[in-house]
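Single-structure report; data block below.
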Amino acid sequence: MSTSAVSHLSPAYPARAPWGTAQKLRAWQQEALDIYLARHPRDFLAVATPGAGKTTFALRVASELLDARVVQAVTIVAPTEHLKQQWAEAANRVGIKIDPRFSGAQGTTSRDYTGIAVTYAGVAAHPMLHRRRVENRRTLVILDEIHHAGDALSWGEAIREAFEPATRRLALTGTPFRSDDNPIPFITYAPGPDGVPRSVADYTYGYGRALADQVVRPVIFLAYSGRMRWRTKAGDEVSATLGEPMTQDAIAQAWRTALDPHGDWIPQVLRAADRRLTEVRRAIPDAGGLVIASDQTNARAYARILREVTGRPPTVVLSDDPNASARIEEFKESDDRWMVAVRMVSEGVDVPRLCVGVYATSVSTPLFFAQAVGRFVRARRRGEVANVFLPSIPTLLQYAAELERERDHVLGKPARPGDDLWAAEDALLERANQRKDNPDSGQEFKALESAATFDRVLYDGAEFGMQAEVGSEEEADYLGIPGLLEPDQVQLLLQKRQARQLAAERKRLKKDLLAEPRLPAEERPVVTHQQLLQLRRELNSLVAAWHHKTGKPHGVIHAELRRICGGPRTAQATAAELRKRIDTIRRWAREGRY
């Protein structure tokens with residue numbers, strides 16, 4: 001059988017069939033189904049990248065087993081209440097009636113239903129009830145995002161207790177790794193080359209293969225750095241740049257400062273993301289954006305900023321809102337620009353028109369990052385590109401660079417130097433979703449000041465671009481990339497834009513070198529790295545003060561200083577060029593220029 005999904009795409013492709021209802025299977029789905037039907041295993045683990053179509057595959061397996069009378073009923077276990085409803089709707093469209101409102105307290109459902117949809121927490125609350133159900137009727141249990149069964153020891157024990165007697169169990173996940181070593185029920189583990197047990201999938205369909213098959217979108221990561229200033233618990237004021245080498249504590253504090261809605265970093269990045277969304281909507285008119293926030297307070301603040309930027313209120317989705325699912329569905333069917341969410345859209349939720357994302361959360365687990373990026377890769381037609389804005393945090397940049405890497409769940413992995421990237425700093429996904437992910441969350445911490453700088457673009461494991469001021473032509477070069485491109489076209493376009501910028505930089509440096517007066521060695525000024533750093537800090541502080549006084553964006557102020565004083569961007573400017581800009585902006589203040 002061919003493994004090229006292009007030859008087996010749904011009849012709706014390049015448009016998109018309703019969620020979970022494609023009549024003709026994609027190549028990987030057919031391949032996995034053939035393996036399943038040939039083996040008829042009691043347990044089967046399918047690992048497929050988000051957006052590849054795990055639901056369609058699972059419902060096809062359910063249909064085959066029901067038609068052959070191998071099973072009489074279906075139980076679907078999902079991570080959230082919203083996903084229960086989404087599964088039930090998808091199953092209903094292919095003729096399998098699922099009750100998403102089944103209650104453990106009630107314990108029964110109508111005979112009109114073929115099965116039920118429940119959450120992992122719901123099963124943990126009433127494991128014996130579900131055990132009796134699968135004992136009384138031959139049942140297929142579909143465990144969606146099975147890694148959640150390892151979120152807590154009690155959950156794993158409950159899932160095992162409830163579904164041990166089930167006739168068939170089909171486990172699904174888009175993220176084959178976890179941040180802890182809690183064993184996941186009904187998953188096979190085998191020793192790896194190092195003797196450490198690893199999960200064994202019966203079928204794997206990774207992002208790299210899905211991208212080659214044009215089943216998912218390529219992802220462009222746009223990273224933003226910038227100067228941060230904060231006051232620690234001890235009362236010390238600290239200033240640092242995102243992306244610079246720092247201790248883990250300092251990284252967490254700088255990251256928290258960047259995400260503070262009262263600073264300038266978040267508004268600047270949201271404006272850049274909205275400009276990118278405008279460009280994408282030229283080719284994809286209904287393209288939408290999603291901001292993933294750390295907590296409800298920040299989510300509401302980000303929504304207010306987006307309203308100022310766009311003139312329209314975004315959709316806000318909070319985990320404790322009883323109307324959250326309805327809000328997601330309303331946004332999904334509309335052509336509104338932005339949605340802001342904390343937890344509800346982190347995994348599994350299908351909003352295919354999402355093309356632009358802002359990773360404005362401090363959650364740093366590889367599991368959550370993969371799930372978040374998965375919200376933007378669901379392809380509807382060829383040429384769509386996903387765009388994710390993120391802070392220049394080393395861990396996130398490494399996750400972005402390793403997007404295509406596949407990982408297995410490892411049990412009892414020995415700690416070794418260099419393993420911190422995949423350490424269990426946030427062992428539980430639910431806990432990571434609910435709290436701020438930094439060690440300095442005391443009441444005395446205070447974010448004082450933040451400003452964004454365009455850092456770089458990451459695509460297909462490579463980096464493009466050079467640091468540029470927000471609002472500059474260099475940043476606009478990357479924000480203006482067309483929204484409809486083939487993967488190889490994205491690579492080529494990024495290479496061309498970087499080559500153009502490098503050529504312009506070399507030309508400028510050559511011009512500056514020729515114009516520089518040739519002084520005797522003993523008369524040449526000596527400028528240390530520390531002095532240059534202090535001058536940059538002084539200039540950035542003055543620009544921030546001028547921004548607060550005039551309302552002009554930082555990038556516009558820097559660009560005007562460069563136009564008047566000459567020279568390159570701040571990061572490449574000489575001490576003399578920096579001093580000239582500092583003197584100019586001070587003169588503006590003295591003269592009362594606005």
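FYI, nothing fancy with the structure tokens labels: chains A, B, ... in order, residues from 1 per chain, ligands from 1 as they appear.
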
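Summary of the local environment: counting only C-alpha atoms, residues at most 8 Å from Val70 (chain A), other than itself and those fewer than 4 positions away along its chain, are A:Leu65, A:Leu66, A:Arg138.
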
- Task: Using backbone DSSP assignments, extract all alpha helix (DSSP H) residues from region 284-346 of chain A; output them as a list in words.
- Result: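 Filtering region 284-346 of chain A to alpha helix (DSSP H) leaves Gln296, Thr297, Asn298, Ala299, Arg300, Ala301, Tyr302, Ala303, Arg304, Ile305, Leu306, Arg307, Glu308, Val309, Thr310, Ala324, Ser325, Ala326, Arg327, Ile328, Glu329, Glu330, Phe331, Lys332 and Glu333 of chain A.
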
- Task: Find the residues near Ala303 (chain A): any atom within 12 Å, counting only C-alpha atoms, skip ones fewer than 4 places away on the same chain, and give them as a PyMOL selection string.
- Result: chain A and resi 261+266-267+270+290-293+296-299+307-318+337-342

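Of the residues under consideration (A:Thr108, A:Thr56, A:Thr241, A:Gln489), A:Thr241 shows the shortest atom-to-atom contact distance to Ala571 (chain A) when counting only C-alpha atoms.
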
- Message: Which residues are near Thr570 (chain A)? Cut-off 12 Å, only C-alpha atoms, ignore same chain within fewer than 6 positions. Put them as a list in words.
- Response: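 Contacts, in chain order: Gly226, Thr453, Met466, Gln467, Ala468, Glu469, Val470, Leu532, Leu533, Leu535, Arg536, Arg537, Glu538, Leu539, Asn540, Val543, Gly555, Ile557, His558, Ala559, Leu561, Arg562, Ala576, Glu577, Leu578, Arg579, Lys580, Arg581 and Ile582 of chain A.
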
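Put simply, CA of Pro183 (chain A) is 16.4 Å away from CA of Gly195 (chain A).
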
- Pick the closest to Gly483 (chain A) from A:Thr574, A:Ser110, A:Gln498, A:Thr278: which is it, counting only C-alpha atoms? A:Thr278

- Query: In region 189-221 of chain A, what's strand (DSSP E) per DSSP? Answer as a PyMOL selection string?
  - Reply: chain A and resi 189-191+197-200+203-205+219-221

What would the file look like if the residues just selected were written as an mmCIF file, in the first residue's frame with N, CA and C atoms?
```
data_model
loop_
_atom_site.group_PDB
_atom_site.id
_atom_site.type_symbol
_atom_site.label_atom_id
_atom_site.label_comp_id
_atom_site.auth_asym_id
_atom_site.auth_seq_id
_atom_site.Cartn_x
_atom_site.Cartn_y
_atom_site.Cartn_z
ATOM 1 N N TYR A 189 5.372 -1.455 27.456
ATOM 2 C CA TYR A 189 6.701 -0.872 27.625
ATOM 3 C C TYR A 189 7.745 -1.943 27.337
ATOM 4 N N ALA A 190 8.817 -1.544 26.668
ATOM 5 C CA ALA A 190 9.907 -2.468 26.350
ATOM 6 C C ALA A 190 11.242 -1.775 26.584
ATOM 7 N N PRO A 191 12.261 -2.495 27.034
ATOM 8 C CA PRO A 191 13.567 -1.873 27.273
ATOM 9 C C PRO A 191 14.173 -1.323 25.986
ATOM 10 N N PRO A 197 12.919 1.246 30.196
ATOM 11 C CA PRO A 197 11.649 0.926 29.527
ATOM 12 C C PRO A 197 11.049 2.141 28.826
ATOM 13 N N ARG A 198 10.575 1.909 27.594
ATOM 14 C CA ARG A 198 9.919 2.955 26.809
ATOM 15 C C ARG A 198 8.601 2.422 26.256
ATOM 16 N N SER A 199 7.653 3.345 26.066
ATOM 17 C CA SER A 199 6.367 2.936 25.503
ATOM 18 C C SER A 199 6.549 2.475 24.068
ATOM 19 N N VAL A 200 5.737 1.507 23.673
ATOM 20 C CA VAL A 200 5.797 0.947 22.322
ATOM 21 C C VAL A 200 4.471 1.219 21.633
ATOM 22 N N TYR A 203 1.244 1.982 16.115
ATOM 23 C CA TYR A 203 1.336 2.729 14.865
ATOM 24 C C TYR A 203 1.703 4.167 15.211
ATOM 25 N N THR A 204 2.651 4.738 14.460
ATOM 26 C CA THR A 204 3.110 6.103 14.700
ATOM 27 C C THR A 204 3.082 6.901 13.401
ATOM 28 N N TYR A 205 2.521 8.081 13.476
ATOM 29 C CA TYR A 205 2.472 8.990 12.331
ATOM 30 C C TYR A 205 2.898 10.367 12.845
ATOM 31 N N VAL A 219 5.023 25.098 10.185
ATOM 32 C CA VAL A 219 4.928 26.099 11.244
ATOM 33 C C VAL A 219 6.109 27.060 11.168
ATOM 34 N N ILE A 220 5.797 28.348 11.115
ATOM 35 C CA ILE A 220 6.797 29.404 11.212
ATOM 36 C C ILE A 220 6.736 29.947 12.638
ATOM 37 N N PHE A 221 7.859 29.879 13.355
ATOM 38 C CA PHE A 221 7.933 30.449 14.698
ATOM 39 C C PHE A 221 8.600 31.814 14.613
#
```

- Message: Which residues are close to region 212-217 of chain A, i.e. within 8 Å by only C-alpha atoms, leaving aside same-chain residues fewer than 2 positions away? Reply as a list of chain:residue names.
- Response: A:Ser4, A:Ala5, A:Val6, A:Gly51, A:Ala52, A:Tyr207, A:Gly208, A:Arg209, A:Ala210, A:Val219, A:Phe376, A:Val377, A:Arg378, A:Ala379, A:Arg382, A:Gly383, A:Glu384, A:Val385, A:Ala386

Residues from last step as file, all heavy atoms, as a CSV table (one decimal), in the first residue's frame:
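Final output, saved to result-v4.csv:
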```csv
chain,number,residue,atom,x,y,z
A,4,SER,N,1.8,7.5,0.8
A,4,SER,CA,1.6,8.9,0.5
A,4,SER,C,0.2,9.3,0.7
A,4,SER,O,-0.7,8.8,0.0
A,4,SER,CB,2.0,9.2,-1.0
A,4,SER,OG,1.7,10.5,-1.3
A,5,ALA,N,0.0,10.2,1.7
A,5,ALA,CA,-1.4,10.6,2.0
A,5,ALA,C,-2.0,11.3,0.8
A,5,ALA,O,-3.3,11.4,0.8
A,5,ALA,CB,-1.4,11.4,3.3
A,6,VAL,N,-1.2,11.9,-0.1
A,6,VAL,CA,-1.8,12.6,-1.2
A,6,VAL,C,-2.7,11.8,-2.0
A,6,VAL,O,-3.7,12.2,-2.6
A,6,VAL,CB,-0.7,13.2,-2.0
A,6,VAL,CG1,-1.2,14.0,-3.2
A,6,VAL,CG2,0.2,14.2,-1.2
A,51,GLY,N,-3.8,17.2,14.4
A,51,GLY,CA,-4.3,17.6,13.1
A,51,GLY,C,-4.3,16.6,12.1
A,51,GLY,O,-4.8,16.8,11.0
A,52,ALA,N,-3.7,15.4,12.4
A,52,ALA,CA,-3.6,14.3,11.3
A,52,ALA,C,-4.9,13.6,11.1
A,52,ALA,O,-5.1,13.0,10.1
A,52,ALA,CB,-2.5,13.3,11.7
A,207,TYR,N,4.9,14.3,13.0
A,207,TYR,CA,4.7,15.6,12.3
A,207,TYR,C,5.5,15.6,11.0
A,207,TYR,O,5.0,16.2,10.0
A,207,TYR,CB,5.1,16.7,13.2
A,207,TYR,CG,5.1,18.1,12.5
A,207,TYR,CD1,3.9,18.8,12.4
A,207,TYR,CD2,6.2,18.7,12.1
A,207,TYR,CE1,3.8,20.0,11.7
A,207,TYR,CE2,6.2,19.9,11.5
A,207,TYR,CZ,5.0,20.6,11.3
A,207,TYR,OH,5.0,21.8,10.7
A,208,GLY,N,6.7,15.1,11.0
A,208,GLY,CA,7.6,15.2,9.8
A,208,GLY,C,6.9,14.5,8.6
A,208,GLY,O,6.9,15.0,7.5
A,209,ARG,N,6.4,13.3,8.8
A,209,ARG,CA,5.8,12.6,7.8
A,209,ARG,C,4.4,13.2,7.3
A,209,ARG,O,4.1,13.3,6.1
A,209,ARG,CB,5.5,11.1,8.2
A,209,ARG,CG,4.9,10.2,7.1
A,209,ARG,CD,4.7,8.8,7.6
A,209,ARG,NE,3.8,8.1,6.7
A,209,ARG,CZ,3.2,7.0,7.0
A,209,ARG,NH1,3.4,6.4,8.2
A,209,ARG,NH2,2.4,6.4,6.2
A,210,ALA,N,3.7,13.7,8.3
A,210,ALA,CA,2.4,14.4,8.0
A,210,ALA,C,2.7,15.7,7.2
A,210,ALA,O,1.9,16.0,6.3
A,210,ALA,CB,1.7,14.7,9.3
A,219,VAL,N,5.0,25.1,10.2
A,219,VAL,CA,4.9,26.1,11.2
A,219,VAL,C,6.1,27.1,11.2
A,219,VAL,O,7.3,26.6,11.2
A,219,VAL,CB,4.9,25.4,12.6
A,219,VAL,CG1,4.7,26.5,13.7
A,219,VAL,CG2,3.8,24.4,12.7
A,376,PHE,N,-2.6,24.8,15.6
A,376,PHE,CA,-2.5,25.6,14.4
A,376,PHE,C,-2.1,24.9,13.2
A,376,PHE,O,-2.0,25.4,12.1
A,376,PHE,CB,-1.4,26.7,14.7
A,376,PHE,CG,-1.7,27.5,16.0
A,376,PHE,CD1,-1.1,27.2,17.2
A,376,PHE,CD2,-2.7,28.5,15.9
A,376,PHE,CE1,-1.4,27.9,18.3
A,376,PHE,CE2,-3.0,29.3,17.1
A,376,PHE,CZ,-2.3,29.0,18.3
A,377,VAL,N,-1.9,23.6,13.3
A,377,VAL,CA,-1.3,22.8,12.2
A,377,VAL,C,-2.4,22.1,11.4
A,377,VAL,O,-2.1,21.4,10.4
A,377,VAL,CB,-0.2,21.8,12.7
A,377,VAL,CG1,0.9,22.5,13.4
A,377,VAL,CG2,-0.8,20.7,13.6
A,378,ARG,N,-3.6,22.2,11.8
A,378,ARG,CA,-4.7,21.4,11.1
A,378,ARG,C,-5.0,22.0,9.7
A,378,ARG,O,-5.5,23.1,9.6
A,378,ARG,CB,-6.0,21.4,11.9
A,378,ARG,CG,-5.8,20.7,13.3
A,378,ARG,CD,-7.0,20.9,14.2
A,378,ARG,NE,-6.7,20.3,15.5
A,378,ARG,CZ,-7.0,19.1,15.9
A,378,ARG,NH1,-7.5,18.2,15.0
A,378,ARG,NH2,-6.7,18.6,17.1
A,379,ALA,N,-4.6,21.2,8.7
A,379,ALA,CA,-4.7,21.7,7.3
A,379,ALA,C,-6.1,21.6,6.8
A,379,ALA,O,-6.8,20.7,7.1
A,379,ALA,CB,-3.7,21.0,6.4
A,382,ARG,N,-4.2,23.0,0.6
A,382,ARG,CA,-2.7,23.1,0.4
A,382,ARG,C,-2.2,24.5,0.5
A,382,ARG,O,-2.9,25.4,0.1
A,382,ARG,CB,-2.4,22.5,-0.9
A,382,ARG,CG,-2.5,21.0,-1.0
A,382,ARG,CD,-2.1,20.4,-2.4
A,382,ARG,NE,-0.7,20.8,-2.6
A,382,ARG,CZ,0.0,20.2,-3.6
A,382,ARG,NH1,-0.5,19.2,-4.3
A,382,ARG,NH2,1.3,20.5,-3.8
A,383,GLY,N,-1.1,24.7,1.1
A,383,GLY,CA,-0.4,26.0,1.1
A,383,GLY,C,-0.6,26.8,2.3
A,383,GLY,O,0.0,27.8,2.5
A,384,GLU,N,-1.5,26.4,3.2
A,384,GLU,CA,-1.7,27.1,4.4
A,384,GLU,C,-0.5,27.0,5.3
A,384,GLU,O,0.1,25.9,5.4
A,384,GLU,CB,-3.0,26.6,5.2
A,384,GLU,CG,-4.3,27.0,4.5
A,384,GLU,CD,-5.5,26.5,5.3
A,384,GLU,OE1,-5.4,25.6,6.1
A,384,GLU,OE2,-6.6,27.1,5.0
A,385,VAL,N,-0.1,28.1,6.0
A,385,VAL,CA,1.0,28.1,6.9
A,385,VAL,C,0.6,28.5,8.3
A,385,VAL,O,-0.3,29.4,8.5
A,385,VAL,CB,2.1,29.1,6.4
A,385,VAL,CG1,3.2,29.2,7.3
A,385,VAL,CG2,2.6,28.7,5.0
A,386,ALA,N,1.1,27.8,9.3
A,386,ALA,CA,0.9,28.2,10.7
A,386,ALA,C,1.9,29.1,11.2
A,386,ALA,O,3.1,29.0,10.8
A,386,ALA,CB,0.8,26.9,11.6
```

- Can you tell me how far CA of Glu31 (chain A) sits from CA of Asp488 (chain A), in Å to one decimal? 26.6 Å

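Counting only C-alpha atoms, the residue from A:Asp264, A:Arg380, A:Glu145, A:Gln30 that sits nearest to His547 (chain A) is A:Asp264.
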
- Message: Give me, as a VMD selection string, all polymer residues having an atom no more than 10 Å from Asp477 (chain A), counting only C-alpha atoms and skipping those fewer than 2 positions away in the same chain.
- Response: chain A and resid 465 472 to 475 479 to 481 494 497 to 498 501
